[in-house]
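What follows is a set of notes on a single structure, which appears directly below.
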Protein chains: 2
Amino acid sequence: MTIERTPRIEFWYEFASSYSYLSVMRVEALAAAAGVEVAWRPFLLGPVFMSLGWNDSPFNIYPPKGRYMWRDLERLCSRYGLILTRPSTFPRNGLLAARIACRNHAEPWIGAFSRAVMCANFAEDRDIGDRAVIAELLLGLGLPAEDLLADAGSDAGKAALRSQTERATELGIFGAPSFIVDGELFWGNDRLEDALAWAHDAA
Amino acid sequence: MTIERTPRIEFWYEFASSYSYLSVMRVEALAAAAGVEVAWRPFLLGPVFMSLGWNDSPFNIYPPKGRYMWRDLERLCSRYGLILTRPSTFPRNGLLAARIACRNHAEPWIGAFSRAVMCANFAEDRDIGDRAVIAELLLGLGLPAEDLLADAGSDAGKAALRSQTERATELGIFGAPSFIVDGELFWGNDRLEDALAWAHDAA
C-alpha cells in the first residue's frame, strides 16, 4: 500500500519582480488543471539581493540583462495573452502588498489579490507601494481594506514577512519566481510547468 | 508573391558553459527537425563577463546560483538523456576549442566537433584547455589535427575569435547559450525551442 499525498508546490514570488508577474498570473489555473496545491510564499527580493552584494535589481545593475528582460517579457506576455505596460518605476516597492499576502497566504482570495497587485504594477503602471492603491485593490475584491492594512503594519505583520524572507535565503532561493517541490528548487517562470510535473510525479 | 527565406538561427555558445553543453548536444537534431539552419557562433564568455564586472563565472561568484545550476543541470541531463560528470575544474578554458570552432564554423563537422568538446568537458571531466585533448578529439573525427591547431593559433585564428567575441557584446549578448533570430535575442538553453519556432515563423 502506498500513501497518497496531494501534490503541492511552494510558490515564492515578489510583487516587484517582472518574471513573478507571469507566474502569479498563470499558477492558479495551471496548478488546478494539474491537480496540484499551491502554497503561496510572498517574500522580498531586496534582502536576498543584498546578501548577494546587489543593492538594486540585477536588471538595473547590468543593462544588457535589463534590456533583454524587457523584450523577453514583451514576447512572453504576448504568448500568454497578458497585458504589459512597462512600469515607470522599476522595481516598485512590494513591501506592503507582500506583508498583506504573507499574513493571508492561506485565504481563498490570495490568488485574486496577488493577481490584482501584479496587474496594477505591470499592466496599469500604478504605484503598488502606495497604501491608497493597495486599499483600492482590496476594496475591489470586497475585502476589509482598513483591517487588513492595519494588520499588515502591525508588529506581527512585519515579523511574518521578515521571517518568510529569511526562510527564502535559507532555502537557497536567489531570485523570483522560485518553486520548491519536495525539496527541489526550480527558478524562473519558465520552470513553473516543470515544478508542477515534479510535484505530480513526487506525490 | 512572398519571398521565402530559409529559417535560420545564430547559435552563440561557449565551451566552458554548462548550459551551453545542453544546447550544443541538442541543437543540430532539433533544428534539422524544424527545417532551420544553424549558424554556429562560438565565443568567449570571459570578456563579456569582465565587461559586466565579473572576473569569474557568476556560478562561482554567487554560491546559491552555483548550487542551483549544478542540480538543475543534473535534472535536465536526466531529462535529455545526457551524461553529466561535474567537471573537477569549472569553468574550464575553452579558448583553444573556440578558436578552432570559430575558424571552421561552416564546416560540416562543426556540430560533431562541438559535441565532442562538450562531452569531454561535461561528461568525461577532461581538460579541454589541453592541446593534446583537443588533438585527440580532432583525430577521432578523422580531421587533420595538427593543421587545425596551427591555424587556430595563428594571428588570423586569434583575431577571428576576438572579433566574434566583440560582436557578441555588440549584439547585447550577456550569457550563453544565446540565440539570435531575425534580430531577436533569446538567452538560455530553455529558449532553444522558442528560438527555432521564432525562426520558422519569421521565414
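Ordering of the C-alpha cells sets the chain letters (A, B, ...), residue numbers begin anew at 1 in every chain, and ligands are numbered from 1 in the order given.
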Contact residues around range 154-156 of chain A with only C-alpha atoms at 12 Å, ignoring same-chain residues under 4 positions, as a PDB file with C-alpha atoms, in the first residue's frame:
ATOM      1  CA  LEU A  96       3.039  46.497   1.785  1.00  0.00           C
ATOM      2  CA  ARG A  99       3.010  41.863   4.121  1.00  0.00           C
ATOM      3  CA  ILE A 100      -0.691  41.514   3.348  1.00  0.00           C
ATOM      4  CA  CYS A 102       2.130  36.864   3.776  1.00  0.00           C
ATOM      5  CA  ARG A 103      -0.408  37.292   6.586  1.00  0.00           C
ATOM      6  CA  ASP A 147      -8.389  45.947   8.843  1.00  0.00           C
ATOM      7  CA  LEU A 148      -6.015  44.120   6.505  1.00  0.00           C
ATOM      8  CA  LEU A 149      -3.749  47.160   6.161  1.00  0.00           C
ATOM      9  CA  ALA A 150      -3.649  47.665   9.913  1.00  0.00           C
ATOM     10  CA  ALA A 160       5.825  37.445   9.386  1.00  0.00           C
ATOM     11  CA  LEU A 161       7.291  38.821   6.168  1.00  0.00           C
ATOM     12  CA  ARG A 162      10.739  39.276   7.689  1.00  0.00           C
ATOM     13  CA  SER A 163      10.805  35.670   8.782  1.00  0.00           C
TER      14      SER A 163
END
Mind checking which residues fall within 9 Å of Leu141 in chain A, counting only C-alpha atoms, ignoring those fewer than 5 positions away in the same chain, and posting them as an NGL selection string? :A and (109 or 112-113 or 116 or 136)
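When CA of Thr6 in chain A is paired with CA of Ala197 in chain A, their separation reads 12.9 Å.
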Against chain A, which residues of chain B fall within 12 Å? For each one I want the closest pair of atoms and the distance in Å (one decimal), counting only C-alpha atoms, rows by chain and increasing residue number, as CSV.
residue,atom,partner,partner_atom,distance
B:Val48,CA,A:Pro64,CA,10.6
B:Phe49,CA,A:Tyr62,CA,10.5
B:Met50,CA,A:Tyr62,CA,11.8
B:Ser51,CA,A:Tyr62,CA,9.7
B:Leu52,CA,A:Tyr62,CA,6.5
B:Gly53,CA,A:Tyr62,CA,9.1
B:Trp54,CA,A:Tyr62,CA,10.8
B:Pro58,CA,A:Leu52,CA,10.8
B:Phe59,CA,A:Phe174,CA,11.7
B:Asn60,CA,A:Leu52,CA,11.9
B:Ile61,CA,A:Leu52,CA,8.9
B:Tyr62,CA,A:Leu52,CA,6.5
B:Pro63,CA,A:Leu52,CA,8.8
B:Pro64,CA,A:Gly172,CA,5.7
B:Lys65,CA,A:Phe174,CA,6.7
B:Gly66,CA,A:Gly172,CA,10.3
B:Arg67,CA,A:Gly172,CA,8.3
B:Tyr68,CA,A:Leu185,CA,7.3
B:Met69,CA,A:Trp187,CA,9.6
B:Trp70,CA,A:Leu185,CA,11.4
B:Arg71,CA,A:Leu185,CA,8.6
B:Asp72,CA,A:Phe186,CA,7.6
B:Leu73,CA,A:Phe186,CA,11.3
B:Glu74,CA,A:Glu184,CA,11.8
B:Arg75,CA,A:Glu184,CA,10.0
B:Leu76,CA,A:Asp194,CA,10.4
B:Arg79,CA,A:Asp194,CA,10.9
B:Ala168,CA,A:Pro64,CA,11.4
B:Thr169,CA,A:Pro64,CA,8.9
B:Glu170,CA,A:Pro64,CA,10.0
B:Leu171,CA,A:Pro64,CA,9.4
B:Gly172,CA,A:Pro64,CA,5.7
B:Ile173,CA,A:Pro64,CA,7.2
B:Phe174,CA,A:Pro64,CA,6.5
B:Gly175,CA,A:Lys65,CA,9.0
B:Ser178,CA,A:Tyr68,CA,11.1
B:Ile180,CA,A:Tyr68,CA,11.9
B:Gly183,CA,A:Arg71,CA,11.6
B:Glu184,CA,A:Arg71,CA,8.7
B:Leu185,CA,A:Tyr68,CA,7.3
B:Phe186,CA,A:Asp72,CA,7.6
B:Trp187,CA,A:Tyr68,CA,8.4
B:Gly188,CA,A:Asp190,CA,10.7
B:Asn189,CA,A:Asp190,CA,11.1
B:Asp190,CA,A:Asp190,CA,7.6
B:Arg191,CA,A:Asp190,CA,9.1
B:Asp194,CA,A:Arg75,CA,10.3
B:Ala195,CA,A:Arg75,CA,11.6
B:Trp198,CA,A:Arg75,CA,10.6
Write out chain B, as a PDB file with C-alpha atoms, in the first residue's frame, after superposing it onto chain A by least squares using every C-alpha atom paired in order.
ATOM      1  CA  MET B   1      -0.005  -0.063  -0.187  1.00  0.00           C
ATOM      2  CA  THR B   2       1.338   3.358  -1.059  1.00  0.00           C
ATOM      3  CA  ILE B   3       0.424   6.495   0.797  1.00  0.00           C
ATOM      4  CA  GLU B   4      -1.042   9.045  -1.570  1.00  0.00           C
ATOM      5  CA  ARG B   5      -0.122  12.643  -0.931  1.00  0.00           C
ATOM      6  CA  THR B   6      -1.728  15.660  -2.526  1.00  0.00           C
ATOM      7  CA  PRO B   7       0.838  17.105  -4.943  1.00  0.00           C
ATOM      8  CA  ARG B   8       1.949  20.536  -3.743  1.00  0.00           C
ATOM      9  CA  ILE B   9       4.297  23.310  -4.752  1.00  0.00           C
ATOM     10  CA  GLU B  10       5.609  26.224  -2.749  1.00  0.00           C
ATOM     11  CA  PHE B  11       5.400  29.287  -4.952  1.00  0.00           C
ATOM     12  CA  TRP B  12       7.887  32.002  -3.926  1.00  0.00           C
ATOM     13  CA  TYR B  13       7.224  35.363  -5.532  1.00  0.00           C
ATOM     14  CA  GLU B  14       7.899  39.079  -5.161  1.00  0.00           C
ATOM     15  CA  PHE B  15       5.426  41.746  -6.272  1.00  0.00           C
ATOM     16  CA  ALA B  16       8.160  43.928  -7.789  1.00  0.00           C
ATOM     17  CA  SER B  17       9.579  41.107  -9.920  1.00  0.00           C
ATOM     18  CA  SER B  18       8.784  41.100 -13.609  1.00  0.00           C
ATOM     19  CA  TYR B  19       9.004  37.352 -14.143  1.00  0.00           C
ATOM     20  CA  SER B  20       6.948  36.824 -10.968  1.00  0.00           C
ATOM     21  CA  TYR B  21       4.169  38.726 -12.750  1.00  0.00           C
ATOM     22  CA  LEU B  22       3.989  35.966 -15.356  1.00  0.00           C
ATOM     23  CA  SER B  23       3.842  33.167 -12.800  1.00  0.00           C
ATOM     24  CA  VAL B  24       1.377  34.875 -10.476  1.00  0.00           C
ATOM     25  CA  MET B  25      -0.976  35.250 -13.420  1.00  0.00           C
ATOM     26  CA  ARG B  26      -0.551  31.631 -14.511  1.00  0.00           C
ATOM     27  CA  VAL B  27      -0.039  29.502 -11.427  1.00  0.00           C
ATOM     28  CA  GLU B  28      -3.542  29.036 -10.067  1.00  0.00           C
ATOM     29  CA  ALA B  29      -5.135  27.802 -13.287  1.00  0.00           C
ATOM     30  CA  LEU B  30      -2.196  25.585 -14.242  1.00  0.00           C
ATOM     31  CA  ALA B  31      -1.958  24.051 -10.776  1.00  0.00           C
ATOM     32  CA  ALA B  32      -5.687  23.383 -10.655  1.00  0.00           C
ATOM     33  CA  ALA B  33      -5.532  21.686 -14.058  1.00  0.00           C
ATOM     34  CA  ALA B  34      -2.625  19.551 -12.835  1.00  0.00           C
ATOM     35  CA  GLY B  35      -4.299  18.709  -9.515  1.00  0.00           C
ATOM     36  CA  VAL B  36      -1.512  20.400  -7.554  1.00  0.00           C
ATOM     37  CA  GLU B  37      -1.970  22.558  -4.430  1.00  0.00           C
ATOM     38  CA  VAL B  38      -0.237  25.929  -4.322  1.00  0.00           C
ATOM     39  CA  ALA B  39       1.336  27.226  -1.120  1.00  0.00           C
ATOM     40  CA  TRP B  40       1.715  30.974  -1.735  1.00  0.00           C
ATOM     41  CA  ARG B  41       5.008  32.315  -0.415  1.00  0.00           C
ATOM     42  CA  PRO B  42       5.380  36.068  -0.977  1.00  0.00           C
ATOM     43  CA  PHE B  43       8.771  37.409   0.049  1.00  0.00           C
ATOM     44  CA  LEU B  44      11.112  40.339  -0.561  1.00  0.00           C
ATOM     45  CA  LEU B  45      13.958  40.044  -3.038  1.00  0.00           C
ATOM     46  CA  GLY B  46      15.731  43.145  -1.678  1.00  0.00           C
ATOM     47  CA  PRO B  47      17.361  41.437   1.333  1.00  0.00           C
ATOM     48  CA  VAL B  48      18.158  38.377  -0.790  1.00  0.00           C
ATOM     49  CA  PHE B  49      19.875  40.560  -3.403  1.00  0.00           C
ATOM     50  CA  MET B  50      21.718  42.460  -0.657  1.00  0.00           C
ATOM     51  CA  SER B  51      23.135  39.159   0.600  1.00  0.00           C
ATOM     52  CA  LEU B  52      24.472  38.580  -2.943  1.00  0.00           C
ATOM     53  CA  GLY B  53      26.048  42.042  -2.990  1.00  0.00           C
ATOM     54  CA  TRP B  54      23.421  43.763  -5.164  1.00  0.00           C
ATOM     55  CA  ASN B  55      21.794  46.971  -3.915  1.00  0.00           C
ATOM     56  CA  ASP B  56      19.356  47.133  -6.836  1.00  0.00           C
ATOM     57  CA  SER B  57      17.696  44.746  -9.267  1.00  0.00           C
ATOM     58  CA  PRO B  58      20.300  42.941 -11.384  1.00  0.00           C
ATOM     59  CA  PHE B  59      18.221  44.117 -14.353  1.00  0.00           C
ATOM     60  CA  ASN B  60      19.197  47.671 -13.432  1.00  0.00           C
ATOM     61  CA  ILE B  61      22.785  46.880 -12.409  1.00  0.00           C
ATOM     62  CA  TYR B  62      23.531  45.008 -15.661  1.00  0.00           C
ATOM     63  CA  PRO B  63      21.979  46.957 -18.560  1.00  0.00           C
ATOM     64  CA  PRO B  64      22.260  44.179 -21.193  1.00  0.00           C
ATOM     65  CA  LYS B  65      20.340  41.845 -18.872  1.00  0.00           C
ATOM     66  CA  GLY B  66      17.741  44.545 -18.304  1.00  0.00           C
ATOM     67  CA  ARG B  67      17.255  45.294 -21.995  1.00  0.00           C
ATOM     68  CA  TYR B  68      16.884  41.583 -22.666  1.00  0.00           C
ATOM     69  CA  MET B  69      14.415  41.067 -19.830  1.00  0.00           C
ATOM     70  CA  TRP B  70      12.001  43.761 -21.007  1.00  0.00           C
ATOM     71  CA  ARG B  71      11.952  42.433 -24.571  1.00  0.00           C
ATOM     72  CA  ASP B  72      11.653  38.853 -23.342  1.00  0.00           C
ATOM     73  CA  LEU B  73       8.780  39.893 -21.091  1.00  0.00           C
ATOM     74  CA  GLU B  74       7.000  41.485 -24.060  1.00  0.00           C
ATOM     75  CA  ARG B  75       7.294  38.276 -26.061  1.00  0.00           C
ATOM     76  CA  LEU B  76       6.093  36.144 -23.149  1.00  0.00           C
ATOM     77  CA  CYS B  77       3.152  38.418 -22.306  1.00  0.00           C
ATOM     78  CA  SER B  78       2.129  38.222 -25.923  1.00  0.00           C
ATOM     79  CA  ARG B  79       2.310  34.434 -25.790  1.00  0.00           C
ATOM     80  CA  TYR B  80       0.332  34.217 -22.545  1.00  0.00           C
ATOM     81  CA  GLY B  81      -2.194  36.874 -23.526  1.00  0.00           C
ATOM     82  CA  LEU B  82      -1.134  39.219 -20.714  1.00  0.00           C
ATOM     83  CA  ILE B  83      -1.046  43.004 -20.878  1.00  0.00           C
ATOM     84  CA  LEU B  84       2.331  44.625 -20.315  1.00  0.00           C
ATOM     85  CA  THR B  85       2.846  48.297 -19.602  1.00  0.00           C
ATOM     86  CA  ARG B  86       6.430  48.818 -18.608  1.00  0.00           C
ATOM     87  CA  PRO B  87       6.359  50.278 -15.082  1.00  0.00           C
ATOM     88  CA  SER B  88       7.624  53.854 -15.005  1.00  0.00           C
ATOM     89  CA  THR B  89       9.490  52.899 -11.809  1.00  0.00           C
ATOM     90  CA  PHE B  90      11.274  49.553 -11.578  1.00  0.00           C
ATOM     91  CA  PRO B  91      11.452  47.830  -9.267  1.00  0.00           C
ATOM     92  CA  ARG B  92       8.452  49.148  -7.358  1.00  0.00           C
ATOM     93  CA  ASN B  93       8.157  48.756  -3.604  1.00  0.00           C
ATOM     94  CA  GLY B  94       6.299  45.513  -2.938  1.00  0.00           C
ATOM     95  CA  LEU B  95       6.618  45.668   0.850  1.00  0.00           C
ATOM     96  CA  LEU B  96       3.035  46.503   1.781  1.00  0.00           C
ATOM     97  CA  ALA B  97       1.480  44.051  -0.681  1.00  0.00           C
ATOM     98  CA  ALA B  98       3.868  41.321   0.460  1.00  0.00           C
ATOM     99  CA  ARG B  99       3.013  41.874   4.128  1.00  0.00           C
ATOM    100  CA  ILE B 100      -0.677  41.523   3.345  1.00  0.00           C
ATOM    101  CA  ALA B 101      -0.126  38.445   1.191  1.00  0.00           C
ATOM    102  CA  CYS B 102       2.144  36.879   3.784  1.00  0.00           C
ATOM    103  CA  ARG B 103      -0.392  37.301   6.582  1.00  0.00           C
ATOM    104  CA  ASN B 104      -3.206  35.947   4.402  1.00  0.00           C
ATOM    105  CA  HIS B 105      -1.410  33.348   2.312  1.00  0.00           C
ATOM    106  CA  ALA B 106      -3.958  30.617   3.019  1.00  0.00           C
ATOM    107  CA  GLU B 107      -7.058  32.733   2.400  1.00  0.00           C
ATOM    108  CA  PRO B 108      -9.142  31.795  -0.639  1.00  0.00           C
ATOM    109  CA  TRP B 109      -8.570  35.276  -2.096  1.00  0.00           C
ATOM    110  CA  ILE B 110      -4.749  35.107  -2.046  1.00  0.00           C
ATOM    111  CA  GLY B 111      -4.592  34.347  -5.774  1.00  0.00           C
ATOM    112  CA  ALA B 112      -7.022  37.090  -6.745  1.00  0.00           C
ATOM    113  CA  PHE B 113      -5.247  39.636  -4.530  1.00  0.00           C
ATOM    114  CA  SER B 114      -1.823  38.692  -5.882  1.00  0.00           C
ATOM    115  CA  ARG B 115      -3.029  38.988  -9.459  1.00  0.00           C
ATOM    116  CA  ALA B 116      -4.660  42.362  -8.763  1.00  0.00           C
ATOM    117  CA  VAL B 117      -1.391  43.741  -7.353  1.00  0.00           C
ATOM    118  CA  MET B 118       0.627  42.366 -10.255  1.00  0.00           C
ATOM    119  CA  CYS B 119      -1.762  43.817 -12.825  1.00  0.00           C
ATOM    120  CA  ALA B 120      -1.626  47.202 -11.077  1.00  0.00           C
ATOM    121  CA  ASN B 121       2.181  47.138 -11.310  1.00  0.00           C
ATOM    122  CA  PHE B 122       2.839  45.571 -14.724  1.00  0.00           C
ATOM    123  CA  ALA B 123      -0.340  46.157 -16.735  1.00  0.00           C
ATOM    124  CA  GLU B 124      -1.517  49.520 -15.353  1.00  0.00           C
ATOM    125  CA  ASP B 125       1.731  51.155 -14.208  1.00  0.00           C
ATOM    126  CA  ARG B 126       0.302  52.027 -10.799  1.00  0.00           C
ATOM    127  CA  ASP B 127       2.393  52.505  -7.672  1.00  0.00           C
ATOM    128  CA  ILE B 128       1.822  49.371  -5.612  1.00  0.00           C
ATOM    129  CA  GLY B 129       3.905  50.893  -2.828  1.00  0.00           C
ATOM    130  CA  ASP B 130       1.105  53.406  -2.282  1.00  0.00           C
ATOM    131  CA  ARG B 131      -1.241  52.452   0.550  1.00  0.00           C
ATOM    132  CA  ALA B 132      -4.220  54.037  -1.252  1.00  0.00           C
ATOM    133  CA  VAL B 133      -3.646  51.866  -4.322  1.00  0.00           C
ATOM    134  CA  ILE B 134      -3.524  48.696  -2.240  1.00  0.00           C
ATOM    135  CA  ALA B 135      -6.621  49.771  -0.308  1.00  0.00           C
ATOM    136  CA  GLU B 136      -8.494  50.239  -3.566  1.00  0.00           C
ATOM    137  CA  LEU B 137      -7.446  46.805  -4.822  1.00  0.00           C
ATOM    138  CA  LEU B 138      -8.597  45.177  -1.579  1.00  0.00           C
ATOM    139  CA  LEU B 139     -11.928  47.000  -1.691  1.00  0.00           C
ATOM    140  CA  GLY B 140     -12.336  45.892  -5.295  1.00  0.00           C
ATOM    141  CA  LEU B 141     -12.129  42.319  -4.072  1.00  0.00           C
ATOM    142  CA  GLY B 142     -14.769  43.013  -1.416  1.00  0.00           C
ATOM    143  CA  LEU B 143     -12.234  42.755   1.411  1.00  0.00           C
ATOM    144  CA  PRO B 144     -11.960  44.808   4.627  1.00  0.00           C
ATOM    145  CA  ALA B 145      -9.133  47.005   3.439  1.00  0.00           C
ATOM    146  CA  GLU B 146      -8.536  49.009   6.612  1.00  0.00           C
ATOM    147  CA  ASP B 147      -8.391  45.940   8.860  1.00  0.00           C
ATOM    148  CA  LEU B 148      -6.018  44.136   6.506  1.00  0.00           C
ATOM    149  CA  LEU B 149      -3.762  47.160   6.150  1.00  0.00           C
ATOM    150  CA  ALA B 150      -3.650  47.669   9.911  1.00  0.00           C
ATOM    151  CA  ASP B 151      -2.774  44.023  10.449  1.00  0.00           C
ATOM    152  CA  ALA B 152      -0.039  44.174   7.780  1.00  0.00           C
ATOM    153  CA  GLY B 153       1.520  47.158   9.533  1.00  0.00           C
ATOM    154  CA  SER B 154       1.400  45.584  12.991  1.00  0.00           C
ATOM    155  CA  ASP B 155       4.489  44.106  14.642  1.00  0.00           C
ATOM    156  CA  ALA B 156       3.177  40.642  13.823  1.00  0.00           C
ATOM    157  CA  GLY B 157       2.609  41.604  10.191  1.00  0.00           C
ATOM    158  CA  LYS B 158       6.124  42.963   9.857  1.00  0.00           C
ATOM    159  CA  ALA B 159       7.664  39.966  11.599  1.00  0.00           C
ATOM    160  CA  ALA B 160       5.834  37.461   9.403  1.00  0.00           C
ATOM    161  CA  LEU B 161       7.290  38.838   6.168  1.00  0.00           C
ATOM    162  CA  ARG B 162      10.741  39.295   7.689  1.00  0.00           C
ATOM    163  CA  SER B 163      10.819  35.684   8.793  1.00  0.00           C
ATOM    164  CA  GLN B 164       9.485  34.445   5.449  1.00  0.00           C
ATOM    165  CA  THR B 165      12.209  36.369   3.603  1.00  0.00           C
ATOM    166  CA  GLU B 166      14.883  34.889   5.894  1.00  0.00           C
ATOM    167  CA  ARG B 167      13.438  31.472   5.136  1.00  0.00           C
ATOM    168  CA  ALA B 168      13.828  32.113   1.403  1.00  0.00           C
ATOM    169  CA  THR B 169      17.556  32.658   1.843  1.00  0.00           C
ATOM    170  CA  GLU B 170      17.838  29.528   4.001  1.00  0.00           C
ATOM    171  CA  LEU B 171      16.162  27.530   1.245  1.00  0.00           C
ATOM    172  CA  GLY B 172      18.773  28.671  -1.275  1.00  0.00           C
ATOM    173  CA  ILE B 173      16.403  30.982  -3.128  1.00  0.00           C
ATOM    174  CA  PHE B 174      18.256  33.713  -5.032  1.00  0.00           C
ATOM    175  CA  GLY B 175      15.600  35.057  -7.405  1.00  0.00           C
ATOM    176  CA  ALA B 176      11.895  35.083  -8.149  1.00  0.00           C
ATOM    177  CA  PRO B 177       9.731  33.391  -9.016  1.00  0.00           C
ATOM    178  CA  SER B 178      11.012  30.183  -7.438  1.00  0.00           C
ATOM    179  CA  PHE B 179       9.212  26.937  -6.802  1.00  0.00           C
ATOM    180  CA  ILE B 180      10.018  24.357  -4.163  1.00  0.00           C
ATOM    181  CA  VAL B 181       8.690  20.863  -4.599  1.00  0.00           C
ATOM    182  CA  ASP B 182       9.668  18.018  -2.357  1.00  0.00           C
ATOM    183  CA  GLY B 183      12.985  19.706  -1.516  1.00  0.00           C
ATOM    184  CA  GLU B 184      13.745  20.546  -5.161  1.00  0.00           C
ATOM    185  CA  LEU B 185      14.272  24.185  -6.115  1.00  0.00           C
ATOM    186  CA  PHE B 186      13.122  25.453  -9.518  1.00  0.00           C
ATOM    187  CA  TRP B 187      13.932  29.024 -10.526  1.00  0.00           C
ATOM    188  CA  GLY B 188      12.132  31.151 -13.069  1.00  0.00           C
ATOM    189  CA  ASN B 189       8.756  31.449 -14.703  1.00  0.00           C
ATOM    190  CA  ASP B 190       9.914  29.010 -17.398  1.00  0.00           C
ATOM    191  CA  ARG B 191      10.115  26.306 -14.739  1.00  0.00           C
ATOM    192  CA  LEU B 192       6.549  26.552 -13.464  1.00  0.00           C
ATOM    193  CA  GLU B 193       5.402  23.676 -15.671  1.00  0.00           C
ATOM    194  CA  ASP B 194       8.449  21.594 -14.644  1.00  0.00           C
ATOM    195  CA  ALA B 195       7.699  22.210 -10.963  1.00  0.00           C
ATOM    196  CA  LEU B 196       4.091  21.125 -11.391  1.00  0.00           C
ATOM    197  CA  ALA B 197       5.169  17.967 -13.212  1.00  0.00           C
ATOM    198  CA  TRP B 198       7.706  17.223 -10.470  1.00  0.00           C
ATOM    199  CA  ALA B 199       5.006  17.663  -7.801  1.00  0.00           C
ATOM    200  CA  HIS B 200       2.768  15.277  -9.650  1.00  0.00           C
ATOM    201  CA  ASP B 201       5.485  12.633 -10.014  1.00  0.00           C
ATOM    202  CA  ALA B 202       6.624  13.030  -6.399  1.00  0.00           C
ATOM    203  CA  ALA B 203       3.163  12.533  -4.925  1.00  0.00           C
TER     204      ALA B 203
END
Could you pull out the alpha helix (DSSP H) residues of range 4-199 of chain B, going by DSSP on the backbone, and write them as a PyMOL selection string? chain B and resi 18-34+45-51+58-61+63-80+95-103+110-122+131-140+145-153+155-170+192-199
